[in-house]
$ cat coords39.tsv   # TSV, C-alpha atoms
chain	number	residue	atom	x	y	z
A	108	MET	CA	-44.36	86.41	-47.89
A	109	LYS	CA	-45.62	84.64	-44.80
A	110	ASP	CA	-43.00	82.78	-42.81
A	111	TYR	CA	-44.44	80.03	-40.63
A	112	ARG	CA	-42.33	78.84	-37.73
A	113	ILE	CA	-42.94	75.12	-37.32
A	114	ALA	CA	-41.62	73.17	-34.34
A	115	ALA	CA	-40.74	69.74	-35.72
A	116	ILE	CA	-40.55	67.00	-33.07
A	117	PRO	CA	-39.75	63.72	-34.88
A	118	GLY	CA	-39.69	61.78	-31.59
A	119	ASP	CA	-39.11	58.05	-31.73
A	120	GLY	CA	-38.90	55.19	-34.22
A	121	ILE	CA	-40.40	55.86	-37.63
A	122	GLY	CA	-41.44	59.30	-36.43
A	123	LYS	CA	-38.00	60.50	-37.49
A	124	GLU	CA	-38.43	59.02	-40.96
A	125	VAL	CA	-41.92	60.34	-41.68
A	126	ILE	CA	-41.33	63.83	-40.30
A	127	ALA	CA	-38.24	64.12	-42.51
A	128	ALA	CA	-40.43	63.16	-45.48
A	129	GLY	CA	-43.13	65.58	-44.41
A	130	THR	CA	-40.85	68.59	-44.07
A	131	GLU	CA	-39.33	67.84	-47.46
A	132	VAL	CA	-42.77	67.75	-49.08
A	133	LEU	CA	-43.92	70.91	-47.31
A	134	ASP	CA	-40.84	72.84	-48.46
A	135	VAL	CA	-41.52	71.90	-52.09
A	136	LEU	CA	-45.19	72.82	-51.71
A	137	ALA	CA	-44.21	76.23	-50.32
A	138	GLU	CA	-41.79	76.78	-53.21
A	139	ARG	CA	-44.57	76.06	-55.67
A	140	ASP	CA	-47.17	78.26	-54.02
A	141	GLY	CA	-44.80	81.14	-53.46
A	142	GLY	CA	-46.92	83.03	-50.92
A	143	PHE	CA	-45.45	81.45	-47.82
A	144	ARG	CA	-42.51	79.47	-46.55
A	145	PHE	CA	-41.71	77.30	-43.57
A	146	SER	CA	-38.98	77.72	-40.99
A	147	PHE	CA	-38.62	74.31	-39.38
A	148	GLU	CA	-36.94	74.12	-36.00
A	149	THR	CA	-36.25	70.49	-35.10
A	150	TYR	CA	-36.18	69.30	-31.49
A	151	ASP	CA	-34.48	66.04	-30.57
A	152	TRP	CA	-36.90	65.19	-27.75
A	153	GLY	CA	-38.04	61.64	-27.17
A	154	SER	CA	-36.78	58.36	-25.79
A	155	ASP	CA	-33.15	58.92	-26.82
A	156	TYR	CA	-33.24	62.27	-25.03
A	157	TYR	CA	-34.73	60.52	-21.99
A	158	LYS	CA	-31.91	57.98	-21.86
A	159	LYS	CA	-29.38	60.82	-21.76
A	160	HIS	CA	-31.16	63.30	-19.52
A	161	GLY	CA	-33.76	61.37	-17.51
A	162	ARG	CA	-36.68	63.27	-19.04
A	163	MET	CA	-38.38	63.26	-22.43
A	164	MET	CA	-37.86	66.96	-23.10
A	165	PRO	CA	-36.14	69.87	-21.33
A	166	GLU	CA	-37.81	71.47	-18.35
A	167	ASP	CA	-38.39	74.61	-20.41
A	168	GLY	CA	-39.37	72.65	-23.51
A	169	ARG	CA	-42.87	74.05	-23.80
A	170	GLU	CA	-41.53	77.60	-23.55
A	171	GLN	CA	-39.17	76.84	-26.45
A	172	ILE	CA	-42.08	75.97	-28.74
A	173	ARG	CA	-44.82	78.18	-27.29
A	174	ASP	CA	-44.46	80.83	-30.01
A	175	ALA	CA	-44.42	78.36	-32.91
A	176	ASP	CA	-47.21	78.68	-35.48
A	177	ALA	CA	-47.72	74.91	-35.31
A	178	ILE	CA	-46.08	71.72	-34.07
A	179	TYR	CA	-45.31	68.85	-36.45
A	180	PHE	CA	-45.00	65.70	-34.34
A	181	GLY	CA	-43.80	62.24	-35.36
A	182	ALA	CA	-44.31	59.55	-32.73
A	183	VAL	CA	-43.40	58.66	-29.17
A	184	GLY	CA	-42.62	55.31	-27.57
A	185	ALA	CA	-39.72	52.89	-27.33
A	186	PRO	CA	-39.57	49.21	-26.37
A	187	ASP	CA	-37.04	49.85	-23.57
A	188	VAL	CA	-38.84	52.82	-21.94
A	189	PRO	CA	-42.19	52.35	-20.14
A	190	ASP	CA	-45.05	53.68	-22.25
A	191	HIS	CA	-46.48	55.84	-19.47
A	192	ILE	CA	-43.15	57.67	-19.22
A	193	THR	CA	-42.88	58.35	-22.94
A	194	LEU	CA	-46.51	59.40	-23.35
A	195	TRP	CA	-46.83	61.60	-20.28
A	196	GLY	CA	-43.31	62.93	-20.70
A	197	LEU	CA	-43.73	64.27	-24.21
A	198	ARG	CA	-46.98	64.09	-26.13
A	199	LEU	CA	-49.38	64.65	-23.24
A	200	ALA	CA	-46.90	67.08	-21.71
A	201	ILE	CA	-47.56	69.24	-24.77
A	202	CYS	CA	-51.25	68.55	-25.43
A	203	GLN	CA	-52.60	69.25	-21.96
A	204	PRO	CA	-50.70	72.41	-20.96
A	205	PHE	CA	-51.27	73.85	-24.43
A	206	ASP	CA	-54.98	73.10	-24.02
A	207	GLN	CA	-55.20	71.22	-27.31
A	208	TYR	CA	-58.62	69.98	-26.30
A	209	ALA	CA	-59.97	69.07	-29.74
A	210	ASN	CA	-58.36	66.04	-31.33
A	211	VAL	CA	-59.65	65.71	-34.89
A	212	ARG	CA	-59.18	62.51	-36.89
A	213	PRO	CA	-60.60	62.37	-40.42
A	214	THR	CA	-61.08	58.94	-41.95
A	215	ARG	CA	-61.94	58.07	-45.52
A	216	ILE	CA	-60.95	55.54	-48.13
A	217	LEU	CA	-58.35	57.16	-50.35
A	218	PRO	CA	-58.06	56.36	-54.08
A	219	GLY	CA	-56.34	53.06	-54.76
A	220	ILE	CA	-56.84	51.78	-51.21
A	221	LYS	CA	-59.34	49.07	-50.37
A	222	SER	CA	-61.23	48.78	-47.12
A	223	PRO	CA	-61.20	45.36	-45.43
A	224	LEU	CA	-64.98	45.72	-45.24
A	225	ARG	CA	-66.84	43.98	-48.04
A	226	ASN	CA	-68.57	46.15	-50.63
A	227	VAL	CA	-67.59	49.40	-48.93
A	228	GLY	CA	-66.34	52.25	-51.08
A	229	PRO	CA	-65.31	55.89	-50.58
A	230	ASP	CA	-68.91	57.10	-50.53
A	231	ASP	CA	-69.72	54.75	-47.67
A	232	LEU	CA	-66.89	55.66	-45.31
A	233	ASP	CA	-66.12	59.35	-44.90
A	234	TRP	CA	-65.96	60.28	-41.23
A	235	VAL	CA	-64.41	62.78	-38.86
A	236	ILE	CA	-63.91	61.63	-35.27
A	237	VAL	CA	-63.67	64.39	-32.66
A	238	ARG	CA	-61.91	63.28	-29.50
A	239	GLU	CA	-62.04	65.24	-26.26
A	240	ASN	CA	-58.32	65.63	-25.69
A	241	SER	CA	-57.80	67.32	-22.33
A	242	GLU	CA	-59.64	65.44	-19.59
A	243	GLY	CA	-61.82	62.35	-19.29
A	244	GLU	CA	-60.11	59.02	-18.81
A	245	TYR	CA	-56.67	60.51	-19.57
A	246	ALA	CA	-56.87	63.32	-17.02
A	247	GLY	CA	-54.01	61.79	-15.04
A	248	GLN	CA	-55.90	61.73	-11.77
A	249	GLY	CA	-55.45	58.81	-9.40
A	250	GLY	CA	-52.71	57.01	-7.56
A	251	ARG	CA	-51.39	53.82	-5.98
A	252	SER	CA	-51.29	52.78	-2.34
A	253	HIS	CA	-49.65	49.84	-0.53
A	254	VAL	CA	-47.44	49.29	-3.58
A	255	GLY	CA	-46.20	45.72	-3.88
A	256	LEU	CA	-48.39	44.36	-1.12
A	257	PRO	CA	-51.30	41.96	-1.68
A	258	GLU	CA	-53.72	44.75	-0.80
A	259	GLU	CA	-52.21	47.19	-3.30
A	260	VAL	CA	-54.76	49.64	-4.69
A	261	ALA	CA	-54.57	51.62	-7.94
A	262	THR	CA	-57.12	54.23	-8.96
A	263	GLU	CA	-57.57	55.92	-12.33
A	264	VAL	CA	-60.12	58.69	-12.02
A	265	SER	CA	-61.95	60.00	-15.08
A	266	ILE	CA	-62.57	63.73	-14.87
A	267	PHE	CA	-65.44	65.28	-16.81
A	268	THR	CA	-66.18	68.98	-16.38
A	269	ARG	CA	-69.18	70.85	-17.70
A	270	ALA	CA	-66.85	73.37	-19.32
A	271	GLY	CA	-64.75	70.67	-20.97
A	272	VAL	CA	-67.68	68.65	-22.28
A	273	THR	CA	-69.57	71.72	-23.48
A	274	ARG	CA	-66.69	73.11	-25.49
A	275	ILE	CA	-65.89	69.82	-27.24
A	276	MET	CA	-69.59	69.30	-27.94
A	277	ARG	CA	-69.89	72.75	-29.51
A	278	PHE	CA	-66.75	72.12	-31.53
A	279	ALA	CA	-68.23	68.85	-32.82
A	280	PHE	CA	-71.59	70.39	-33.68
A	281	ASP	CA	-69.84	73.24	-35.51
A	282	LEU	CA	-67.75	70.75	-37.46
A	283	ALA	CA	-70.81	68.65	-38.30
A	284	ARG	CA	-72.61	71.78	-39.48
A	285	SER	CA	-69.71	72.58	-41.83
A	286	ARG	CA	-69.89	69.20	-43.54
A	287	PRO	CA	-72.38	68.39	-46.32
A	288	ARG	CA	-74.44	65.83	-44.39
A	289	LYS	CA	-74.72	67.91	-41.19
A	290	LYS	CA	-74.88	64.79	-39.06
A	291	LEU	CA	-73.34	64.07	-35.65
A	292	THR	CA	-73.18	60.92	-33.53
A	293	VAL	CA	-72.43	61.31	-29.82
A	294	VAL	CA	-70.72	58.26	-28.30
A	295	THR	CA	-70.80	57.45	-24.58
A	296	LYS	CA	-71.25	54.52	-22.19
A	297	SER	CA	-73.96	56.09	-20.10
A	298	ASN	CA	-75.75	52.85	-19.28
A	299	ALA	CA	-72.83	51.67	-17.14
A	300	GLN	CA	-71.02	54.92	-16.32
A	301	ARG	CA	-73.88	56.75	-14.72
A	302	ASN	CA	-72.18	59.99	-13.74
A	303	GLY	CA	-69.74	61.46	-16.24
A	304	MET	CA	-71.28	59.74	-19.24
A	305	VAL	CA	-74.82	60.73	-18.28
A	306	MET	CA	-73.57	64.32	-18.05
A	307	TRP	CA	-72.15	63.92	-21.59
A	308	ASP	CA	-75.59	62.87	-22.83
A	309	GLU	CA	-77.30	65.74	-21.04
A	310	ILE	CA	-74.89	68.38	-22.32
A	311	ALA	CA	-75.16	66.99	-25.87
A	312	ALA	CA	-78.93	67.46	-25.71
A	313	GLU	CA	-78.52	70.99	-24.34
A	314	VAL	CA	-76.01	72.04	-27.01
A	315	ALA	CA	-78.06	70.43	-29.79
A	316	LYS	CA	-80.79	73.02	-29.23
A	317	ASP	CA	-78.48	75.64	-30.73
A	318	TYR	CA	-77.96	73.53	-33.87
A	319	PRO	CA	-81.42	72.75	-35.25
A	320	ASP	CA	-79.89	72.19	-38.70
A	321	VAL	CA	-77.66	69.35	-37.44
A	322	GLU	CA	-79.15	65.87	-37.23
A	323	TRP	CA	-77.72	64.07	-34.23
A	324	ASP	CA	-78.03	60.76	-32.46
A	325	LYS	CA	-76.20	58.92	-29.71
A	326	MET	CA	-74.66	55.49	-29.37
A	327	LEU	CA	-73.11	53.38	-26.66
A	328	VAL	CA	-69.47	52.79	-27.49
A	329	ASP	CA	-69.78	48.99	-27.75
A	330	ALA	CA	-72.70	49.29	-30.15
A	331	MET	CA	-70.74	51.91	-32.06
A	332	THR	CA	-68.06	49.39	-33.00
A	333	MET	CA	-70.72	47.27	-34.68
A	334	ARG	CA	-72.24	50.25	-36.47
A	335	MET	CA	-68.85	51.31	-37.80
A	336	THR	CA	-68.25	47.88	-39.30
A	337	LEU	CA	-71.77	46.94	-40.40
A	338	LYS	CA	-73.31	50.31	-41.33
A	339	PRO	CA	-70.46	52.73	-42.02
A	340	GLU	CA	-72.58	54.74	-44.44
A	341	THR	CA	-74.84	55.89	-41.57
A	342	LEU	CA	-72.02	57.85	-39.90
A	343	ASP	CA	-70.42	61.21	-40.61
A	344	THR	CA	-69.11	63.29	-37.69
A	345	ILE	CA	-68.51	61.50	-34.39
A	346	VAL	CA	-67.67	62.89	-30.95
A	347	ALA	CA	-66.49	60.82	-28.01
A	348	THR	CA	-64.41	60.91	-24.85
A	349	ASN	CA	-60.64	60.77	-24.73
A	350	LEU	CA	-60.46	56.99	-24.30
A	351	HIS	CA	-63.43	55.99	-26.45
A	352	ALA	CA	-62.38	58.15	-29.41
A	353	ASP	CA	-58.80	56.96	-29.09
A	354	ILE	CA	-59.96	53.38	-29.61
A	355	LEU	CA	-62.62	54.10	-32.21
A	356	SER	CA	-60.26	56.17	-34.34
A	357	ASP	CA	-57.79	53.28	-34.58
A	358	LEU	CA	-60.65	51.05	-35.67
A	359	ALA	CA	-61.68	53.69	-38.20
A	360	ALA	CA	-58.16	53.86	-39.62
A	361	ALA	CA	-58.04	50.08	-40.00
A	362	LEU	CA	-61.41	50.08	-41.76
A	363	ALA	CA	-60.07	52.70	-44.17
A	364	GLY	CA	-57.09	50.53	-45.03
A	365	SER	CA	-54.23	51.18	-42.61
A	366	LEU	CA	-53.02	53.12	-39.58
A	367	GLY	CA	-50.30	54.33	-41.91
A	368	ILE	CA	-52.64	56.74	-43.65
A	369	ALA	CA	-54.46	58.18	-40.62
A	370	PRO	CA	-53.81	61.82	-39.62
A	371	THR	CA	-54.49	63.79	-36.46
A	372	ALA	CA	-54.83	67.41	-35.44
A	373	ASN	CA	-54.55	68.36	-31.76
A	374	LEU	CA	-56.20	71.76	-31.80
A	375	ASN	CA	-56.34	74.69	-29.46
A	376	PRO	CA	-59.18	76.29	-31.44
A	377	GLU	CA	-58.87	79.68	-29.76
A	378	GLY	CA	-55.24	80.03	-30.83
A	379	ASN	CA	-53.91	80.74	-27.35
A	380	PHE	CA	-51.31	78.04	-27.88
A	381	PRO	CA	-49.88	76.32	-30.96
A	382	SER	CA	-51.75	73.30	-32.28
A	383	MET	CA	-50.01	70.00	-33.02
A	384	PHE	CA	-50.34	67.74	-36.07
A	385	GLU	CA	-49.25	64.11	-36.19
A	386	PRO	CA	-49.84	60.69	-37.74
A	387	ILE	CA	-51.56	58.27	-35.38
A	388	HIS	CA	-49.52	55.17	-36.23
A	389	GLY	CA	-46.99	55.36	-33.40
A	390	SER	CA	-43.26	54.71	-33.38
A	391	ALA	CA	-43.41	51.20	-34.96
A	392	PHE	CA	-39.97	50.01	-33.88
A	393	ASP	CA	-40.54	46.73	-35.73
A	394	ILE	CA	-39.99	48.56	-39.03
A	395	THR	CA	-37.77	51.42	-37.88
A	396	GLY	CA	-34.76	51.90	-40.12
A	397	LYS	CA	-36.08	49.66	-42.88
A	398	GLY	CA	-37.23	52.56	-45.04
A	399	ILE	CA	-40.75	51.20	-45.48
A	400	ALA	CA	-42.78	53.44	-43.15
A	401	ASN	CA	-45.86	54.87	-44.79
A	402	PRO	CA	-45.54	58.69	-44.84
A	403	VAL	CA	-49.09	59.31	-46.11
A	404	ALA	CA	-50.52	59.93	-42.62
A	405	THR	CA	-47.83	62.53	-42.03
A	406	PHE	CA	-48.58	64.22	-45.35
A	407	TRP	CA	-52.31	64.21	-44.58
A	408	SER	CA	-51.58	65.66	-41.13
A	409	ALA	CA	-49.72	68.43	-42.96
A	410	THR	CA	-52.86	69.26	-44.95
A	411	MET	CA	-54.66	69.74	-41.64
A	412	MET	CA	-51.84	71.98	-40.48
A	413	LEU	CA	-52.13	74.06	-43.64
A	414	GLU	CA	-55.89	74.41	-43.15
A	415	HIS	CA	-55.28	75.52	-39.58
A	416	LEU	CA	-52.77	78.12	-40.80
A	417	GLY	CA	-55.31	79.46	-43.30
A	418	GLU	CA	-53.53	78.09	-46.38
A	419	SER	CA	-56.57	76.26	-47.75
A	420	ASP	CA	-55.46	76.36	-51.41
A	421	ALA	CA	-52.13	74.76	-50.53
A	422	ALA	CA	-53.91	72.22	-48.33
A	423	GLY	CA	-56.14	71.25	-51.24
A	424	ARG	CA	-53.15	70.91	-53.55
A	425	LEU	CA	-51.33	68.70	-51.07
A	426	MET	CA	-54.41	66.50	-50.60
A	427	ARG	CA	-54.78	66.07	-54.36
A	428	ALA	CA	-51.12	65.03	-54.55
A	429	ILE	CA	-51.72	62.46	-51.80
A	430	GLU	CA	-54.72	61.05	-53.66
A	431	ARG	CA	-52.75	60.85	-56.90
A	432	VAL	CA	-49.98	58.92	-55.17
A	433	THR	CA	-52.25	56.48	-53.30
A	434	ALA	CA	-54.16	55.81	-56.52
A	435	ASP	CA	-51.00	54.19	-57.89
A	436	GLU	CA	-50.84	50.78	-56.21
A	437	SER	CA	-47.16	50.45	-57.11
A	438	LEU	CA	-46.59	53.21	-54.55
A	439	HIS	CA	-48.25	51.35	-51.69
A	440	THR	CA	-46.01	50.58	-48.72
A	441	PRO	CA	-46.15	47.15	-47.00
A	442	ASP	CA	-48.89	48.20	-44.55
A	443	LEU	CA	-51.12	48.58	-47.62
A	444	GLY	CA	-49.98	45.29	-49.12
A	445	GLY	CA	-47.38	46.81	-51.44
A	446	LYS	CA	-43.60	46.95	-51.70
A	447	ALA	CA	-42.91	50.67	-52.02
A	448	THR	CA	-40.44	52.45	-49.77
A	449	THR	CA	-40.81	55.68	-47.84
A	450	ARG	CA	-38.40	57.28	-50.31
A	451	GLN	CA	-40.39	56.18	-53.35
A	452	VAL	CA	-43.65	57.53	-51.95
A	453	THR	CA	-41.99	60.80	-50.99
A	454	ASP	CA	-40.38	61.19	-54.41
A	455	ALA	CA	-43.75	60.57	-56.06
A	456	MET	CA	-45.28	63.29	-53.87
A	457	LEU	CA	-42.53	65.73	-54.85
A	458	GLU	CA	-43.05	64.93	-58.53
A	459	ALA	CA	-46.79	65.45	-58.22
A	460	LEU	CA	-46.37	68.76	-56.44
A	461	ARG	CA	-43.91	70.02	-59.05
A	462	GLY	CA	-46.30	69.14	-61.87
A	463	ASP	CA	-48.60	71.59	-63.60
A	464	ASN	CA	-51.94	69.86	-63.19
A	465	LEU	CA	-52.66	69.78	-59.46

$ encode --input "coords39.tsv" --output "structure tokens"
Amino acid sequence: MKDYRIAAIPGDGIGKEVIAAGTEVLDVLAERDGGFRFSFETYDWGSDYYKKHGRMMPEDGREQIRDADAIYFGAVGAPDVPDHITLWGLRLAICQPFDQYANVRPTRILPGIKSPLRNVGPDDLDWVIVRENSEGEYAGQGGRSHVGLPEEVATEVSIFTRAGVTRIMRFAFDLARSRPRKKLTVVTKSNAQRNGMVMWDEIAAEVAKDYPDVEWDKMLVDAMTMRMTLKPETLDTIVATNLHADILSDLAAALAGSLGIAPTANLNPEGNFPSMFEPIHGSAFDITGKGIANPVATFWSATMMLEHLGESDAAGRLMRAIERVTADESLHTPDLGGKATTRQVTDAMLEALRGDNL
């Protein structure tokens, strides 16, 4: 029996609610499959921890979770703590040192969920967005001078390295090759950003030579927003910079029905560090404690975690359970236009997983 050590970091807001639902579902899935089990270790890091200790996680926090098989992350952010403190103090403090350079965000229209786009169905919108997750616009380089004076200056320096761009490009081409359509779109803004973005274009062309079976094209990020909304069926796998993919993936989630269903994997593909899996919806303090947070994104993130751990059969079973639950519109939470609660959706997942026909 395999015993997977999972570091659970619920974080802030509804993160605590959806991670609790996710661990409950994963335990039942493991009981059913029988070949593995989970040992969840929960860490109380986040904004509440910050208010007590002046930091988002302990100084040795990364060492505490370094040997975990995976990290199951909820959300970070609180209305009374500046966002740059919460983000850089917890999520990015894990992603960057653990070299989780490939952020993978699948998007598709699940059964029972309608896209806000007219006449768009599941066959028309089935994408995977690959986000460079370690450098670019979120490299953290820059500073402020003459603070508070009229001549105050703030710089935010985007860092693009040949090594960083090449490895995310190869990851994206490999992923595109593994999908049925074998199609990749490279997104930049190389008409205006003539250094880093031009290098992105050049490296994409270089890497593409090793993937003659993958059809690829490139788009400027502003034009990409139009293509996603007007011609979604022309897209499959997408790769973009840290900032661009961050924005485009939120748009993708909205086009698929809701941020509440959108999953994320922050991968260290080489396995030198644990990878982290999380919903992309954020802490959502406006609904915290109301019991109406949509746990589907957290469940879907768990399927990505299972795939990463090599439990593909269990991942498939969990995904089928998700699709069965979303197909029932009475189980839609308010973000999907329904009235279901987190508890009702979770209970339906447990019932589906305990059934005989998954």

$ closest_residue --input "coords39.tsv" --among "A:Glu124, A:Asp320, A:Glu138, A:Asp231" --to "A:Arg461" --atoms "all atoms listed in the file"
A:Glu138

$ atom_distance --input "coords39.tsv" --atom1 "atom CA of A:Ala359" --atom2 "atom CA of A:Leu443"
15.0 Å

$ closest_residue --input "coords39.tsv" --among "A:Asn349, A:Asn379, A:Thr292, A:Thr341" --to "A:Ala279" --atoms "all atoms listed in the file"
A:Thr292

$ closest_atom_pairs --input "coords39.tsv" --of "stretch 154-185 of chain A" --to "stretch 198-213 of chain A" --cutoff "9 Å" --atoms "all atoms listed in the file" --output "Markdown table"
| residue | atom | partner | partner_atom | distance |
| --- | --- | --- | --- | --- |
| A:Gly168 | CA | A:Ile201 | CA | 9.0 |
| A:Arg169 | CA | A:Ile201 | CA | 6.8 |
| A:Arg173 | CA | A:Phe205 | CA | 8.3 |
| A:Phe180 | CA | A:Arg198 | CA | 8.6 |
| A:Ala182 | CA | A:Arg198 | CA | 8.4 |
| A:Val183 | CA | A:Arg198 | CA | 7.2 |

$ closest_residue --input "coords39.tsv" --among "A:Met164, A:Ala127, A:Leu457, A:Val235" --to "A:Gly196" --atoms "all atoms listed in the file"
A:Met164

$ atom_distance --input "coords39.tsv" --atom1 "atom CA of A:Leu350" --atom2 "atom CA of A:Tyr245"
7.0 Å

$ residues_around --input "coords39.tsv" --residues "A:Met108" --least-positions-apart "3" --cutoff "12 Å" --atoms "only C-alpha atoms" --output "list in words"
Tyr111, Ala137, Glu138, Asp140, Gly141, Gly142, Phe143, Arg144 and Phe145 of chain A

$ atom_distance --input "coords39.tsv" --atom1 "atom CA of A:Thr273" --atom2 "atom CA of A:Asp176"
26.3 Å

$ closest_residue --input "coords39.tsv" --among "A:Leu337, A:Leu256, A:Val328, A:Ala315" --to "A:Asn226" --atoms "only C-alpha atoms"
A:Leu337

$ residues_around --input "coords39.tsv" --residues "A:Ser382" --least-positions-apart "5" --cutoff "7 Å" --atoms "all atoms listed in the file" --output "PyMOL selection string"
chain A and resi 177-178+207+373-375

$ closest_residue --input "coords39.tsv" --among "A:Ile345, A:Met333, A:Leu460, A:Leu217" --to "A:His439" --atoms "all atoms listed in the file"
A:Leu217

$ closest_residue --input "coords39.tsv" --among "A:Ala422, A:Ala352, A:Val321, A:Met326" --to "A:Pro287" --atoms "all atoms listed in the file"
A:Val321

$ residues_around --input "coords39.tsv" --residues "A:Glu309" --least-positions-apart "5" --cutoff "12 Å" --atoms "all atoms listed in the file" --output "VMD selection string"
chain A and resid 269 272 to 273 276 293 295 297 301 to 304 314 to 316 325

$ residues_around --input "coords39.tsv" --residues "A:Thr149" --least-positions-apart "3" --cutoff "7 Å" --atoms "all atoms listed in the file" --output "compact mmCIF listing (two decimals) with C-alpha atoms, in the frame of the given file"
# COMPACT_ATOMS: atom_id res chain seq x y z
CA ALA A 114 -41.62 73.17 -34.34
CA ALA A 115 -40.74 69.74 -35.72
CA ILE A 116 -40.55 67.00 -33.07

$ axis_aligned_box --input "coords39.tsv" --around "stretch 421-426 of chain A" --padding-each-side "6 Å" --output "lines of an AutoDock Vina configuration file"
center_x = -53.7
center_y = 70.6
center_z = -50.9
size_x = 16.8
size_y = 20.3
size_z = 17.2

$ residues_near_point --input "coords39.tsv" --point "(-36.9, 57.1, -34.7)" --cutoff "12 Å" --atoms "only C-alpha atoms" --output "VMD selection string"
chain A and resid 116 to 127 151 to 156 180 to 186 389 to 398 400

$ residues_around --input "coords39.tsv" --residues "A:Glu242" --least-positions-apart "3" --cutoff "8 Å" --atoms "only C-alpha atoms" --output "ChimeraX atom specification"
/A:239,245-246,265-267,271,349

$ write_last_selection --input "coords39.tsv" --atoms "C-alpha atoms" --output "short mmCIF file (atom, residue, chain, number, x, y, z; two decimals), in the frame of the given file"
data_model
loop_
_atom_site.label_atom_id
_atom_site.label_comp_id
_atom_site.auth_asym_id
_atom_site.auth_seq_id
_atom_site.Cartn_x
_atom_site.Cartn_y
_atom_site.Cartn_z
CA GLU A 239 -62.04 65.24 -26.26
CA TYR A 245 -56.67 60.51 -19.57
CA ALA A 246 -56.87 63.32 -17.02
CA SER A 265 -61.95 60.00 -15.08
CA ILE A 266 -62.57 63.73 -14.87
CA PHE A 267 -65.44 65.28 -16.81
CA GLY A 271 -64.75 70.67 -20.97
CA ASN A 349 -60.64 60.77 -24.73
#

$ decode --input "coords39.tsv" --residues "stretch 352-370 of chain A" --atoms "C-alpha atoms" --output "short mmCIF file (atom, residue, chain, number, x, y, z; two decimals), in the first residue's frame"
data_model
loop_
_atom_site.label_atom_id
_atom_site.label_comp_id
_atom_site.auth_asym_id
_atom_site.auth_seq_id
_atom_site.Cartn_x
_atom_site.Cartn_y
_atom_site.Cartn_z
CA ALA A 352 -1.27 33.39 -18.67
CA ASP A 353 -2.48 34.50 -15.26
CA ILE A 354 -4.96 36.85 -16.92
CA LEU A 355 -5.92 34.59 -19.81
CA SER A 356 -6.60 31.63 -17.53
CA ASP A 357 -9.11 33.65 -15.49
CA LEU A 358 -10.82 34.60 -18.73
CA ALA A 359 -10.79 30.95 -19.76
CA ALA A 360 -12.39 29.89 -16.49
CA ALA A 361 -15.14 32.48 -16.89
CA LEU A 362 -15.81 31.31 -20.45
CA ALA A 363 -16.14 27.75 -19.14
CA GLY A 364 -18.73 28.83 -16.60
CA SER A 365 -17.06 29.94 -13.37
CA LEU A 366 -13.80 30.48 -11.52
CA GLY A 367 -15.24 28.04 -9.01
CA ILE A 368 -14.53 25.08 -11.26
CA ALA A 369 -11.02 25.99 -12.45
CA PRO A 370 -8.04 23.91 -11.21
#
